[in-house]
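Chemist: Got model_28.txt for you, compact mmCIF, C-alpha atoms and all ligand atoms:
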```
# COMPACT_ATOMS: atom_id res chain seq x y z
CA MET B 1 -77.97 44.47 23.52
CA LEU B 2 -81.13 46.54 22.92
CA ASP B 3 -81.78 44.59 19.71
CA ASP B 4 -81.56 41.34 21.65
CA ILE B 5 -83.98 42.64 24.27
CA LYS B 6 -86.38 43.63 21.47
CA GLU B 7 -86.06 40.18 19.93
CA ALA B 8 -86.78 38.53 23.31
CA ILE B 9 -89.87 40.70 23.80
CA ASN B 10 -91.14 39.83 20.29
CA LEU B 11 -90.61 36.17 21.08
CA VAL B 12 -92.65 36.31 24.30
CA GLN B 13 -95.38 38.35 22.62
CA SER B 14 -95.62 35.95 19.69
CA ILE B 15 -96.13 33.05 22.11
CA ALA B 16 -98.71 35.05 24.08
CA HIS B 17 -100.76 35.53 20.91
CA LYS B 18 -101.07 31.75 20.58
CA GLU B 19 -101.30 30.47 24.15
CA PRO B 20 -101.08 31.61 27.78
CA ILE B 21 -97.55 32.44 28.88
CA LYS B 22 -96.04 29.84 31.19
CA LEU B 23 -92.78 31.43 32.18
CA TYR B 24 -90.32 30.64 34.93
CA VAL B 25 -87.05 32.26 35.93
CA LEU B 26 -83.99 30.22 36.90
CA THR B 27 -81.48 32.29 38.83
CA GLY B 28 -77.92 31.86 40.05
CA ALA B 29 -75.35 33.89 41.92
CA GLY B 30 -74.98 36.48 39.12
CA VAL B 31 -78.40 37.95 39.94
CA SER B 32 -77.16 38.93 43.42
CA LYS B 33 -73.76 40.27 42.37
CA ALA B 34 -75.00 43.85 42.24
CA SER B 35 -76.18 43.34 45.83
CA ASN B 36 -72.51 42.83 46.76
CA ILE B 37 -72.80 39.09 47.22
CA PRO B 38 -69.90 37.32 45.54
CA THR B 39 -70.48 34.66 42.90
CA PHE B 40 -68.90 31.20 43.28
CA ARG B 41 -66.90 31.08 40.07
CA GLY B 42 -65.20 33.68 37.91
CA GLU B 43 -63.27 36.74 39.07
CA ASN B 44 -63.25 36.98 42.91
CA GLY B 45 -65.59 34.00 43.09
CA LEU B 46 -65.87 32.21 46.46
CA TRP B 47 -64.38 29.00 45.04
CA THR B 48 -61.30 30.93 43.88
CA LYS B 49 -60.66 32.00 47.51
CA TYR B 50 -61.79 28.93 49.42
CA ASP B 51 -61.17 25.27 48.75
CA LEU B 52 -64.55 23.72 47.96
CA ASP B 53 -63.43 20.37 49.43
CA GLU B 54 -62.39 22.07 52.68
CA VAL B 55 -65.55 24.09 53.32
CA GLY B 56 -68.25 23.37 50.75
CA THR B 57 -68.97 19.66 50.97
CA ARG B 58 -70.94 17.37 53.25
CA GLU B 59 -67.68 15.61 54.13
CA ALA B 60 -66.03 18.93 55.14
CA TRP B 61 -69.00 19.72 57.38
CA LEU B 62 -68.81 16.33 59.10
CA ARG B 63 -65.01 16.56 59.44
CA THR B 64 -64.59 20.18 60.58
CA PRO B 65 -67.95 21.81 61.40
CA LYS B 66 -66.29 24.75 63.18
CA LYS B 67 -64.23 25.66 60.11
CA VAL B 68 -67.27 25.40 57.84
CA TRP B 69 -69.33 27.47 60.32
CA LYS B 70 -66.76 30.31 60.15
CA LEU B 71 -67.51 30.71 56.45
CA TYR B 72 -71.25 30.31 57.04
CA ALA B 73 -71.12 33.04 59.70
CA GLU B 74 -69.41 35.46 57.28
CA GLY B 75 -72.06 34.66 54.68
CA ILE B 76 -74.90 35.14 57.15
CA ASN B 77 -73.50 38.52 58.17
CA LEU B 78 -73.32 39.58 54.53
CA LEU B 79 -76.83 38.37 53.72
CA LEU B 80 -78.46 39.99 56.73
CA ASN B 81 -77.38 43.38 55.38
CA ALA B 82 -77.94 42.70 51.68
CA LYS B 83 -80.62 44.47 49.68
CA PRO B 84 -82.31 43.38 46.45
CA ASN B 85 -81.03 45.06 43.28
CA PRO B 86 -82.92 46.09 40.10
CA ALA B 87 -82.69 42.55 38.69
CA HIS B 88 -84.49 41.02 41.70
CA LYS B 89 -87.08 43.80 41.49
CA ALA B 90 -87.65 43.27 37.76
CA ILE B 91 -88.25 39.55 38.38
CA ALA B 92 -90.74 40.36 41.14
CA LYS B 93 -92.52 42.73 38.75
CA LEU B 94 -93.01 39.89 36.27
CA GLU B 95 -94.91 37.94 38.92
CA GLU B 96 -96.92 41.03 39.84
CA TYR B 97 -98.13 41.16 36.20
CA ASN B 98 -98.91 37.41 36.20
CA LEU B 99 -96.04 36.79 33.82
CA CYS B 100 -93.99 34.50 36.05
CA GLN B 101 -95.14 31.19 37.50
CA ALA B 102 -92.09 30.62 39.67
CA VAL B 103 -88.58 31.76 40.45
CA ILE B 104 -86.39 28.69 40.76
CA THR B 105 -83.26 29.85 42.50
CA GLN B 106 -79.94 28.30 43.40
CA ASN B 107 -79.30 31.28 45.67
CA VAL B 108 -79.59 31.00 49.44
CA ASP B 109 -79.84 34.74 50.12
CA SER B 110 -83.62 35.48 50.37
CA LEU B 111 -83.20 38.47 48.03
CA HIS B 112 -85.97 37.41 45.65
CA GLN B 113 -88.40 37.33 48.56
CA LYS B 114 -87.09 40.68 49.86
CA ALA B 115 -87.78 42.12 46.38
CA GLY B 116 -91.38 40.89 46.54
CA SER B 117 -91.32 37.57 44.65
CA LYS B 118 -93.74 35.16 46.29
CA ASN B 119 -93.39 31.86 44.50
CA VAL B 120 -89.69 31.20 45.07
CA LEU B 121 -88.35 27.65 44.96
CA GLU B 122 -85.05 27.61 46.83
CA ILE B 123 -83.61 24.39 45.50
CA HIS B 124 -80.28 24.89 47.30
CA GLY B 125 -81.95 25.91 50.56
CA ASN B 126 -81.44 29.11 52.52
CA LEU B 127 -78.41 30.26 54.48
CA LEU B 128 -80.51 32.35 56.85
CA ARG B 129 -82.52 29.36 58.00
CA ILE B 130 -80.87 26.99 60.45
CA ARG B 131 -81.76 23.47 61.37
CA CYS B 132 -80.70 21.12 64.13
CA THR B 133 -78.66 18.12 63.01
CA ASN B 134 -80.46 16.04 65.62
CA CYS B 135 -84.06 17.13 66.18
CA SER B 136 -84.42 18.85 62.73
CA LYS B 137 -86.02 21.91 64.36
CA LYS B 138 -85.75 24.93 62.01
CA GLN B 139 -85.48 28.64 62.81
CA LEU B 140 -84.55 31.86 61.03
CA PHE B 141 -81.44 33.91 61.77
CA SER B 142 -82.11 37.57 62.47
CA SER B 143 -78.61 38.31 63.76
CA PRO B 144 -75.24 36.61 63.26
CA PRO B 145 -74.50 33.65 65.54
CA THR B 146 -72.57 34.59 68.68
CA GLU B 147 -71.31 31.08 69.38
CA ILE B 148 -69.49 29.12 66.66
CA PRO B 149 -70.53 26.46 65.98
CA PRO B 150 -74.00 27.29 67.38
CA LYS B 151 -75.92 24.62 69.24
CA CYS B 152 -79.60 23.73 69.50
CA GLU B 153 -81.55 23.62 72.77
CA CYS B 154 -81.22 19.84 72.53
CA GLY B 155 -77.42 20.23 72.72
CA ARG B 156 -76.56 19.12 69.18
CA LEU B 157 -75.01 21.19 66.38
CA LEU B 158 -77.06 23.60 64.33
CA ARG B 159 -76.36 24.06 60.63
CA PRO B 160 -77.73 26.33 57.92
CA ASP B 161 -80.56 24.79 55.96
CA ALA B 162 -78.50 25.20 52.78
CA VAL B 163 -77.36 22.36 50.54
CA LEU B 164 -73.70 21.37 50.58
CA PHE B 165 -71.94 19.53 47.76
CA ASN B 166 -72.60 15.76 47.89
CA GLU B 167 -75.92 16.31 49.65
CA LEU B 168 -79.35 15.66 48.23
CA LEU B 169 -81.40 18.65 47.13
CA PRO B 170 -84.84 19.10 48.76
CA GLN B 171 -86.65 16.46 46.72
CA LYS B 172 -90.16 17.92 46.78
CA LEU B 173 -88.93 21.31 45.53
CA LEU B 174 -86.81 19.64 42.89
CA GLN B 175 -89.72 17.58 41.55
CA GLN B 176 -91.86 20.71 41.50
CA SER B 177 -89.09 22.52 39.57
CA PHE B 178 -88.83 19.73 36.98
CA LYS B 179 -92.58 19.87 36.49
CA ILE B 180 -92.55 23.64 35.99
CA ALA B 181 -89.59 23.40 33.59
CA LYS B 182 -91.28 20.74 31.47
CA LYS B 183 -94.59 22.62 31.21
CA ALA B 184 -93.13 26.08 30.57
CA ASN B 185 -93.15 27.80 27.20
CA VAL B 186 -90.58 30.44 28.22
CA ALA B 187 -87.56 30.14 30.53
CA LEU B 188 -85.50 33.14 31.61
CA VAL B 189 -82.08 31.93 32.70
CA VAL B 190 -80.34 34.59 34.76
CA GLY B 191 -76.82 34.77 36.19
CA THR B 192 -75.92 31.11 36.40
CA SER B 193 -72.80 29.42 35.06
CA ALA B 194 -74.76 26.25 34.16
CA THR B 195 -72.19 24.12 35.93
CA VAL B 196 -74.06 22.64 38.88
CA TYR B 197 -76.62 19.91 38.32
CA PRO B 198 -79.50 19.17 38.60
CA ALA B 199 -80.29 22.94 38.56
CA ALA B 200 -78.45 23.42 35.26
CA GLN B 201 -80.58 20.69 33.72
CA LEU B 202 -83.83 22.66 33.97
CA PRO B 203 -83.41 24.86 30.85
CA PHE B 204 -82.39 21.79 28.81
CA LEU B 205 -85.61 20.04 29.91
CA SER B 206 -87.64 23.11 28.97
CA LYS B 207 -85.99 23.34 25.57
CA LYS B 208 -86.73 19.67 24.92
CA SER B 209 -90.40 20.31 25.74
CA GLY B 210 -90.52 23.14 23.20
CA ALA B 211 -89.97 26.20 25.40
CA LYS B 212 -88.07 29.29 24.30
CA ILE B 213 -84.95 30.03 26.29
CA ILE B 214 -83.72 33.55 27.02
CA VAL B 215 -80.33 33.81 28.74
CA PHE B 216 -79.19 36.89 30.70
CA ASN B 217 -75.47 36.72 31.45
CA PRO B 218 -72.34 38.75 30.64
CA GLU B 219 -70.55 35.49 29.78
CA GLN B 220 -71.11 32.53 27.49
CA THR B 221 -72.42 29.45 29.32
CA ASP B 222 -73.67 26.03 28.22
CA HIS B 223 -77.20 27.42 28.30
CA VAL B 224 -76.27 29.88 25.55
CA ARG B 225 -76.00 26.89 23.18
CA ILE B 226 -79.74 26.29 23.50
CA ALA B 227 -80.76 29.94 23.88
CA ASP B 228 -83.26 31.43 21.46
CA VAL B 229 -82.02 34.83 22.59
CA PHE B 230 -78.84 35.60 24.52
CA ILE B 231 -78.97 38.99 26.21
CA GLN B 232 -75.33 39.54 26.99
CA GLY B 233 -74.69 41.93 29.87
CA LYS B 234 -75.25 42.52 33.56
CA CYS B 235 -78.75 41.42 34.48
CA GLU B 236 -79.30 44.38 36.83
CA GLU B 237 -79.07 46.51 33.67
CA THR B 238 -80.72 44.27 31.05
CA LEU B 239 -83.60 42.66 32.99
CA PRO B 240 -85.31 45.91 34.08
CA ILE B 241 -85.33 47.12 30.45
CA PHE B 242 -86.69 43.78 29.25
CA VAL B 243 -89.42 43.62 31.89
CA ASP B 244 -90.50 47.27 31.67
CA ARG B 245 -90.70 47.23 27.87
CA LEU B 246 -92.46 43.88 27.82
CA ILE B 247 -95.11 45.21 30.18
CA GLU B 248 -95.44 48.56 28.36
CA THR B 249 -95.86 47.03 24.92
CA SER B 250 -97.94 43.92 25.62
CA ASP B 251 -101.63 43.98 24.77
CA PHE B 252 -102.28 40.58 26.37
CA LEU B 253 -101.81 41.74 29.98
P1 LIG B 301 -71.55 30.79 39.58
O1 LIG B 301 -70.67 31.58 40.46
O2 LIG B 301 -71.09 29.46 39.14
O3 LIG B 301 -71.87 31.62 38.27
C1 LIG B 301 -72.28 32.95 38.30
C2 LIG B 301 -72.74 33.34 36.93
O4 LIG B 301 -73.21 34.67 37.02
C3 LIG B 301 -71.65 33.32 35.85
O5 LIG B 301 -72.14 32.69 34.69
C4 LIG B 301 -71.38 34.80 35.59
O6 LIG B 301 -71.00 35.06 34.25
C5 LIG B 301 -72.74 35.38 35.90
N1 LIG B 301 -72.74 36.80 36.28
C6 LIG B 301 -71.78 37.51 36.92
N2 LIG B 301 -72.16 38.79 37.10
C7 LIG B 301 -73.41 38.88 36.57
C8 LIG B 301 -74.36 39.93 36.43
N3 LIG B 301 -74.10 41.17 36.91
N4 LIG B 301 -75.52 39.67 35.79
C9 LIG B 301 -75.78 38.43 35.32
N5 LIG B 301 -74.94 37.40 35.42
C10 LIG B 301 -73.77 37.61 36.04
O7 LIG B 301 -72.97 30.73 40.31
P2 LIG B 301 -74.14 29.66 40.13
O8 LIG B 301 -74.33 29.29 38.71
O9 LIG B 301 -75.29 30.19 40.87
O10 LIG B 301 -74.12 25.58 45.02
O11 LIG B 301 -73.54 28.42 40.91
C11 LIG B 301 -74.31 27.27 41.08
C12 LIG B 301 -74.05 26.65 42.41
O12 LIG B 301 -72.64 26.43 42.61
C13 LIG B 301 -74.42 27.50 43.61
O13 LIG B 301 -75.78 27.46 43.95
C14 LIG B 301 -73.59 26.89 44.71
C15 LIG B 301 -72.28 26.81 43.96
O14 LIG B 301 -71.30 26.03 44.45
C16 LIG B 301 -74.13 25.14 46.28
O15 LIG B 301 -73.67 25.79 47.18
C17 LIG B 301 -74.75 23.78 46.45
```
Hey, can you dump this file as structure tokens for me?
Ligand code: OAD
Modeler:
Amino acid sequence: MLDDIKEAINLVQSIAHKEPIKLYVLTGAGVSKASNIPTFRGENGLWTKYDLDEVGTREAWLRTPKKVWKLYAEGINLLLNAKPNPAHKAIAKLEEYNLCQAVITQNVDSLHQKAGSKNVLEIHGNLLRIRCTNCSKKQLFSSPPTEIPPKCECGRLLRPDAVLFNELLPQKLLQQSFKIAKKANVALVVGTSATVYPAAQLPFLSKKSGAKIIVFNPEQTDHVRIADVFIQGKCEETLPIFVDRLIETSDFL
């Protein structure tokens, strides 16, 4: 693992000697696992406990909003108490050193922002933000909802401003993400199973445009096929080493 980290650092440094670094980080649920937020797939994943069609789709929401809200409410409770882990902090440090243009995240947990990352593109929305299904008014949750399903002042249902399956992603953020992915020369792909599109497409676009791909994951994923370096392991352990050593040993900063 340490050899792979060294190889990844050499790769970034060799690019930096030729051109400015244009790096982005794509994150998935694995980055928040050490913050006690379950992933969706794999051991104890949310979709092994809940039926995606029953609670995770647009159709489920329209059919049984109360049932879907029960799961949302559990999630909101969990997220309100969650704290960023060393992986979120390492990513924020990259931005602090002008080494990261954007964090493109599929996570809805606000942990990148809590760790200090500023340019975070939440392409699957945010579970702690709610919006009215009628007047589209948005507000942030600071405590769990007392009434389920909660209602807006206008009387209609409120829902989290997070994307459900079979819904469109926020188009402006998505276009911005495609642009960043195509222009990047380095992509760090952290804790995602590479199964949900269009998010999973981003590293493939970057690779096609000539970027180097570095994958941080304990498991093999489709992104590993295009990875220039695969740093196999838990990102809360590997990313801080990568970031600290990159910063310590780089003369271009
Ligand atoms: P998944 O649950 O599909 O995948 C989590 C990934 O994290 C897997 O590849 C794990 O191997 C990896 N992983 C687990 N522990 C890790 C650790 N400590 N360090 C690094 N990696 C670790 O989560 P996503 O890929 O984020 O969509 O899922 C994508 C989308 O599917 C989610 O945004 C959500 C879901 O259904 C919506 O809700 C629209």
Chemist: So which residues fall inside 9 Å of (-104.1, 40.3, 27.6) if we count only C-alpha atoms? Mind giving them as an mmCIF file with C-alpha atoms, in the frame of the given file?
Modeler:
```cif
data_model
loop_
_atom_site.group_PDB
_atom_site.id
_atom_site.type_symbol
_atom_site.label_atom_id
_atom_site.label_comp_id
_atom_site.auth_asym_id
_atom_site.auth_seq_id
_atom_site.Cartn_x
_atom_site.Cartn_y
_atom_site.Cartn_z
ATOM 1 C CA ALA B 16 -98.710 35.050 24.080
ATOM 2 C CA HIS B 17 -100.760 35.530 20.910
ATOM 3 C CA SER B 250 -97.940 43.920 25.620
ATOM 4 C CA ASP B 251 -101.630 43.980 24.770
ATOM 5 C CA PHE B 252 -102.280 40.580 26.370
ATOM 6 C CA LEU B 253 -101.810 41.740 29.980
#
```
Chemist: Box for segment 194-213 of chain B: with edges along x, y and z, all listed atoms inside and 3 Å added on each side, what are the centre and edge lengths in Å to one decimal, as JSON?
Modeler:
```
{"center_x": -81.4, "center_y": 24.6, "center_z": 31.0, "size_x": 24.3, "size_y": 16.9, "size_z": 21.7}
```
Chemist: Identify which of the residues B:Gly28, B:Gly75, B:Gly125, B:Pro149 lies closest to ligand LIG 301 (chain B), counting only C-alpha atoms and all ligand atoms when measuring atom-to-atom distances.
Modeler: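 Of all the options, B:Gly28 lies closest to ligand LIG 301 (chain B).
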Chemist: Which residue, B:Asn134, B:Gln171, B:Leu164, B:Val108, has the smallest gap to Asp53 of chain B when you use only C-alpha atoms?
Modeler: B:Leu164
Chemist: Using only C-alpha atoms and all ligand atoms, which protein or nucleic acid residues are at most 9 Å from ligand LIG 301 (chain B), as number ranges by chain?
Modeler: B: 27-34, 38-43, 45-47, 52, 56-57, 87, 105-108, 123-125, 162-167, 169, 190-197, 199-200, 216-221, 232-238
Chemist: The residues within 9 Å of (-75.8, 17.4, 68.3), using only C-alpha atoms and the coordinates of the file, should be reported as a ChimeraX atom specification; which are they?
Modeler: /B:132-135,151-152,154-158
Chemist: List the neighbours of Lys179 of chain B out to 12 Å using all atoms listed in the file; skip same-chain residues closer than 4 positions along the sequence, and give me the result as an NGL selection string.
Modeler: :B and (22 or 24 or 101-102 or 104 or 172-175 or 183-184 or 202-203 or 205-206 or 209)
Chemist: May I ask which of the residues B:Ile241, B:Ala60, B:Leu11, B:Ile21 is the closest one to Asn98 of chain B, counting all atoms listed in the file?
Modeler: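 Smallest separation from Asn98 of chain B among the options: B:Ile21.
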Chemist: Can you pull out every residue within 10 Å of Ile9 of chain B, counting all atoms listed in the file, but drop anything in the same chain fewer than 5 positions away, and send it as an NGL selection string?
Modeler: :B and (3-4 or 14 or 214 or 229 or 242-243 or 245-247 or 249-250)
Chemist: Which residue, B:Asn36, B:Ser136, B:Ser142, B:Asn44, has the smallest gap to Leu80 of chain B when you use all atoms listed in the file?
Modeler: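 Checking each candidate against Leu80 of chain B, we get B:Ser142 as the closest.
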Chemist: Atom CA of Leu79 of chain B and atom CA of Val189 of chain B are how many Å apart?
Modeler: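 According to the coordinates, atom CA of Leu79 of chain B and atom CA of Val189 of chain B are separated by 22.6 Å.
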Chemist: Interatomic distance between atom CA of Asp244 of chain B and atom CA of Lys207 of chain B?
Modeler: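 Separating atom CA of Asp244 of chain B from atom CA of Lys207 of chain B is a distance of 25.1 Å.
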Chemist: Just checking: using all atoms listed in the file, which residue out of B:Leu111, B:Met1, B:Leu26, B:Gln139 ends up closest to Ala187 of chain B?
Modeler: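 Smallest separation from Ala187 of chain B among the options: B:Leu26.
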Chemist: What does the distance from atom CA of Lys114 of chain B to atom CA of Pro198 of chain B come to in Å, to one decimal?
Modeler: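 Between atom CA of Lys114 of chain B and atom CA of Pro198 of chain B the gap is 25.4 Å.
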Chemist: Considering all atoms listed in the file, can you say which of B:Phe230, B:Ala92, B:Glu153, B:Pro170 comes closest to Glu122 of chain B?
Modeler: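 Using all atoms listed in the file, the shortest distance to Glu122 of chain B belongs to B:Pro170.
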